Amino acid sequence: MKINFVACQLFALLAAFWFRIYLSPSHASSAVRHAFATLFGIYFAVFCFGWYSIHLFVLVMMNYGIMNMASIPNIHRYSFVVAMGYLTLCHISRIYIFHYGILTTDFSGPLMIITQKITTLACQLHDGIGRQAEELTAEQNRLAVKSRPSLLEYLSYLLNFMSIIAGPCSNYKDYIAFIEGRHVHMKLLEVNWKQKGYDRLPDPSPTGAVMYKLCITLVSLILFLTLTKNFPMAYIIDNEFLDKTPFLSRLGYLYVVTQAAKPKYYFAWTLADAVNNAAGYGFSGVDEKGTFHWDLLSNLNIWNIETATSFKMYIENWNIQTAAWLKRVCYDRAPWYPTALTFILSALWHGIYPGYYFTFLTGILITLAARAIRNNCRHYFLSSVPLKIAYDVVTWAVTQLAVCYTVAPFVMLAVEPTIKFYKSVYFHMHILSILVLLLLPVRPQTHSVRRAQNQAMLNSIKNKDK
């Protein structure tokens, strides 16, 4: 972990508390809040990445020009091509100029987040101005942006200090509501507080959520410093290890090294979530028990990850905001093969290391196979509690091993170690997935069916509003 990254995020945490207390909507105008968030974000970017931060600003300003000059029917296409094109060029420069090296000033992370935000805003602007409400899903209709943002609003959304270093990506309307002081209020209005004995709307504080997330961050940091260094992924392709270790033991060690690789992600994403919460951003609503939740921007659910009983459940709880971005800009808009196109976009967004493509192409295969097994077999195990427990135990073990098998190339990066690893485990998940797809009937959900379902949902919401 880079010292600059940790220092910036800790300073951002302190700034976020100050921002919420002294620049709250009741004390400062929206323009002041936008300006502060933007200027501090720019300062953090320059402090962390030096002259490399110019790439962030160039991409931001290029797409501001596109957003104001491009026609609405094409604004999302042009923004997507330019943002992803620029990001890809930067990825190429890293792999070919620096020969797989990780730069001490690696600016690709913030550039990836800004790319998400640019394409998110462009799609939502296209939805709000260029399409009819009947053409949109319920979610697209809720998030649609009805007018082009001002330069200050645009810069604040893309470069604010809460998310410039480690994200996450959020929706433009949610961010503007937060700056203008409507963010929490809108969520509270969804609850009938008089029935709960309140005379007025409560004022939920994020302090408890921030403290809880900082505790997770501390534990993750300790695990990173103690486990990650001692269980390197490279050991699973060490010749001596392969010669002396039986196949099942190799799978067990694969699980261990994959677990050891997670704490750095838990640390970075949970700390980023805490920074946003400390600023008062990230309130997601109230549950049936009246508990306030601050997980609108959470990037992972550790419990659901570690107990996932399906590949889909695992993916949905890992890097949640990126999964939401992929769904909104690709899966929901793809005319065909949405699953494959979404995985390919995810690989391209992450970079051009060959290991990424091994991971995501393998992910497509395993996702389709897991879906076929679930659709064809799961209902046989729901008739009794013991059968359901047995099914959950088996699917948990298979899911965890499938994830380990899939993500190993993501860590190894290069082709040679990836092929060596897959040979060492006999390509077993690839072979099993292909056999499943050949033997079990697959019932793909077509784009037209998904659109019909989305339209039915939108109509249902409209009828409730009436």
# chains A, B, ... in the order shown; residues from 1 in each chain; ligands from 1
call {"tool": "closest_atom_pairs", "arguments": {"of": "segment 261-347 of chain A", "to": "segment 229-234 of chain A", "cutoff": "12 Å", "atoms": "only C-alpha atoms", "output": "Markdown table"}}
result
| residue | atom | partner | partner_atom | distance |
| --- | --- | --- | --- | --- |
| A:Ala261 | CA | A:Met233 | CA | 7.9 |
| A:Lys262 | CA | A:Phe231 | CA | 11.5 |
| A:Pro263 | CA | A:Lys229 | CA | 11.1 |
| A:Lys264 | CA | A:Lys229 | CA | 11.0 |
call {"tool": "write_last_selection", "arguments": {"atoms": "C-alpha atoms", "output": "tab-separated table (two decimals), in the first residue's frame"}}
result
chain	number	residue	atom	x	y	z
A	261	ALA	CA	-5.15	-11.40	-1.15
A	262	LYS	CA	-8.49	-9.91	-0.07
A	263	PRO	CA	-7.57	-7.67	2.92
A	264	LYS	CA	-6.01	-4.93	0.77
call {"tool": "atom_distance", "arguments": {"atom1": "atom CA of Val46 of chain A", "atom2": "atom CA of Ile3 of chain A"}}
result
14.5 Å
call {"tool": "closest_atom_pairs", "arguments": {"of": "segment 88-144 of chain A", "to": "segment 70-82 of chain A", "cutoff": "9 Å", "atoms": "only C-alpha atoms", "output": "CSV"}}
result
residue,atom,partner,partner_atom,distance
A:Thr115,CA,A:Phe80,CA,8.2
A:Ile118,CA,A:Ser79,CA,7.0
A:Thr119,CA,A:Phe80,CA,5.5
A:Thr120,CA,A:His76,CA,8.5
A:Leu121,CA,A:His76,CA,8.3
A:Ala122,CA,A:His76,CA,4.7
A:Cys123,CA,A:His76,CA,5.0
A:Gln124,CA,A:His76,CA,8.4
A:Leu125,CA,A:Ile72,CA,7.9
A:His126,CA,A:Ile72,CA,5.8
A:Ile129,CA,A:Ile72,CA,7.0
A:Gly130,CA,A:Ile72,CA,5.6
A:Arg131,CA,A:Pro73,CA,8.3
call {"tool": "select_by_dssp", "arguments": {"residues": "segment 221-466 of chain A", "states": "strand (DSSP E)", "output": "VMD selection string"}}
result
chain A and resid 285 to 286 292 to 293
call {"tool": "closest_residue", "arguments": {"among": "A:Trp294, A:Tyr266, A:Phe161, A:Tyr314", "to": "Met211 of chain A", "atoms": "only C-alpha atoms"}}
result
A:Trp294
call {"tool": "select_by_dssp", "arguments": {"residues": "segment 36-278 of chain A", "states": "helix (DSSP H, G or I)", "output": "PyMOL selection string"}}
result
chain A and resi 36-69+72-97+108-130+133-135+138-143+151-159+172-179+183-188+207-228+233-237+239-244+247-261+263-278
call {"tool": "residues_around", "arguments": {"residues": "Tyr422 of chain A", "least_positions_apart": "3", "cutoff": "10 Å", "atoms": "only C-alpha atoms", "output": "list in words"}}
result
Ile237, Tyr405, Thr406, Ala408, Pro409, Pro417, Thr418, Ile419, Val425, Tyr426, Phe427, His428, Met429 and His430 of chain A
call {"tool": "residues_around", "arguments": {"residues": "segment 357-371 of chain A", "least_positions_apart": "4", "cutoff": "8 Å", "atoms": "only C-alpha atoms", "output": "PyMOL selection string"}}
result
chain A and resi 310-312+339-340+343-344+346-347+352-353+375+402+406-410+418+429-430+433-434+436-437
call {"tool": "decode", "arguments": {"residues": "segment 119-153 of chain A", "atoms": "N, CA, C and O atoms", "output": "CSV table (one decimal), in the first residue's frame"}}
result
chain,number,residue,atom,x,y,z
A,119,THR,N,-19.0,8.0,-17.9
A,119,THR,CA,-20.0,7.2,-18.7
A,119,THR,C,-21.3,7.1,-18.0
A,119,THR,O,-22.4,7.0,-18.7
A,120,THR,N,-21.3,7.0,-16.7
A,120,THR,CA,-22.6,7.0,-15.9
A,120,THR,C,-23.4,8.2,-16.2
A,120,THR,O,-24.6,8.2,-16.5
A,121,LEU,N,-22.7,9.4,-16.0
A,121,LEU,CA,-23.4,10.7,-16.3
A,121,LEU,C,-23.9,10.8,-17.7
A,121,LEU,O,-25.0,11.2,-17.9
A,122,ALA,N,-23.1,10.4,-18.7
A,122,ALA,CA,-23.5,10.5,-20.1
A,122,ALA,C,-24.7,9.6,-20.4
A,122,ALA,O,-25.7,10.1,-21.0
A,123,CYS,N,-24.7,8.4,-19.8
A,123,CYS,CA,-25.9,7.5,-20.1
A,123,CYS,C,-27.1,8.1,-19.4
A,123,CYS,O,-28.2,8.1,-19.9
A,124,GLN,N,-27.0,8.6,-18.2
A,124,GLN,CA,-28.1,9.1,-17.4
A,124,GLN,C,-28.6,10.4,-18.0
A,124,GLN,O,-29.8,10.7,-18.0
A,125,LEU,N,-27.7,11.2,-18.6
A,125,LEU,CA,-28.1,12.4,-19.3
A,125,LEU,C,-28.9,12.1,-20.6
A,125,LEU,O,-29.9,12.7,-21.0
A,126,HIS,N,-28.4,11.0,-21.3
A,126,HIS,CA,-29.1,10.5,-22.5
A,126,HIS,C,-30.5,10.0,-22.1
A,126,HIS,O,-31.4,10.3,-22.9
A,127,ASP,N,-30.6,9.3,-21.0
A,127,ASP,CA,-31.9,8.8,-20.6
A,127,ASP,C,-32.9,10.0,-20.3
A,127,ASP,O,-34.1,9.9,-20.6
A,128,GLY,N,-32.3,11.0,-19.6
A,128,GLY,CA,-33.2,12.1,-19.1
A,128,GLY,C,-33.6,13.0,-20.2
A,128,GLY,O,-34.7,13.6,-20.1
A,129,ILE,N,-32.8,13.3,-21.3
A,129,ILE,CA,-33.2,14.2,-22.3
A,129,ILE,C,-33.5,13.6,-23.6
A,129,ILE,O,-34.4,14.1,-24.4
A,130,GLY,N,-32.9,12.5,-23.9
A,130,GLY,CA,-33.0,11.9,-25.3
A,130,GLY,C,-33.9,10.7,-25.4
A,130,GLY,O,-34.1,10.2,-26.5
A,131,ARG,N,-34.5,10.3,-24.3
A,131,ARG,CA,-35.4,9.1,-24.4
A,131,ARG,C,-36.7,9.4,-23.6
A,131,ARG,O,-36.8,10.2,-22.7
A,132,GLN,N,-37.8,8.7,-24.1
A,132,GLN,CA,-39.1,8.8,-23.4
A,132,GLN,C,-39.1,8.0,-22.2
A,132,GLN,O,-38.4,6.9,-22.1
A,133,ALA,N,-39.9,8.3,-21.2
A,133,ALA,CA,-40.0,7.6,-19.9
A,133,ALA,C,-40.4,6.2,-20.2
A,133,ALA,O,-40.0,5.3,-19.5
A,134,GLU,N,-41.3,5.9,-21.2
A,134,GLU,CA,-41.8,4.6,-21.5
A,134,GLU,C,-40.6,3.6,-21.9
A,134,GLU,O,-40.7,2.4,-21.8
A,135,GLU,N,-39.6,4.2,-22.5
A,135,GLU,CA,-38.4,3.4,-22.9
A,135,GLU,C,-37.5,3.0,-21.8
A,135,GLU,O,-36.6,2.2,-22.1
A,136,LEU,N,-37.6,3.6,-20.7
A,136,LEU,CA,-36.7,3.4,-19.6
A,136,LEU,C,-37.1,2.4,-18.6
A,136,LEU,O,-38.3,2.2,-18.4
A,137,THR,N,-36.2,1.7,-18.0
A,137,THR,CA,-36.5,0.8,-16.8
A,137,THR,C,-36.8,1.7,-15.6
A,137,THR,O,-36.6,3.0,-15.7
A,138,ALA,N,-37.4,1.2,-14.6
A,138,ALA,CA,-37.7,1.9,-13.4
A,138,ALA,C,-36.5,2.6,-12.8
A,138,ALA,O,-36.5,3.8,-12.4
A,139,GLU,N,-35.4,1.9,-12.8
A,139,GLU,CA,-34.1,2.5,-12.2
A,139,GLU,C,-33.6,3.6,-13.2
A,139,GLU,O,-33.2,4.7,-12.7
A,140,GLN,N,-33.6,3.4,-14.5
A,140,GLN,CA,-33.2,4.4,-15.4
A,140,GLN,C,-34.0,5.7,-15.3
A,140,GLN,O,-33.5,6.8,-15.3
A,141,ASN,N,-35.3,5.5,-15.1
A,141,ASN,CA,-36.2,6.6,-15.0
A,141,ASN,C,-35.9,7.4,-13.7
A,141,ASN,O,-35.9,8.7,-13.7
A,142,ARG,N,-35.6,6.7,-12.6
A,142,ARG,CA,-35.3,7.4,-11.3
A,142,ARG,C,-34.0,8.1,-11.4
A,142,ARG,O,-33.9,9.2,-10.8
A,143,LEU,N,-33.0,7.6,-12.1
A,143,LEU,CA,-31.7,8.2,-12.1
A,143,LEU,C,-31.4,9.2,-13.3
A,143,LEU,O,-30.4,9.8,-13.4
A,144,ALA,N,-32.4,9.3,-14.2
A,144,ALA,CA,-32.3,10.1,-15.4
A,144,ALA,C,-32.0,11.6,-15.0
A,144,ALA,O,-32.6,12.1,-14.1
A,145,VAL,N,-31.0,12.2,-15.7
A,145,VAL,CA,-30.6,13.6,-15.5
A,145,VAL,C,-31.3,14.4,-16.6
A,145,VAL,O,-31.1,14.2,-17.8
A,146,LYS,N,-32.1,15.4,-16.2
A,146,LYS,CA,-32.9,16.2,-17.1
A,146,LYS,C,-32.2,17.4,-17.7
A,146,LYS,O,-32.8,18.0,-18.7
A,147,SER,N,-31.1,17.8,-17.2
A,147,SER,CA,-30.4,18.9,-17.8
A,147,SER,C,-28.9,18.8,-17.7
A,147,SER,O,-28.4,18.1,-16.7
A,148,ARG,N,-28.2,19.4,-18.6
A,148,ARG,CA,-26.7,19.3,-18.5
A,148,ARG,C,-26.2,20.0,-17.2
A,148,ARG,O,-26.7,21.1,-16.9
A,149,PRO,N,-25.2,19.5,-16.5
A,149,PRO,CA,-24.7,20.1,-15.3
A,149,PRO,C,-23.8,21.3,-15.7
A,149,PRO,O,-23.3,21.4,-16.8
A,150,SER,N,-23.7,22.2,-14.7
A,150,SER,CA,-22.8,23.4,-14.9
A,150,SER,C,-21.4,22.8,-14.8
A,150,SER,O,-21.1,21.7,-14.3
A,151,LEU,N,-20.4,23.7,-15.1
A,151,LEU,CA,-19.0,23.3,-15.0
A,151,LEU,C,-18.6,22.9,-13.6
A,151,LEU,O,-17.9,21.9,-13.3
A,152,LEU,N,-19.1,23.7,-12.6
A,152,LEU,CA,-18.7,23.5,-11.2
A,152,LEU,C,-19.4,22.2,-10.7
A,152,LEU,O,-18.7,21.4,-10.1
A,153,GLU,N,-20.6,22.0,-11.1
A,153,GLU,CA,-21.3,20.7,-10.7
A,153,GLU,C,-20.6,19.5,-11.3
A,153,GLU,O,-20.4,18.5,-10.7
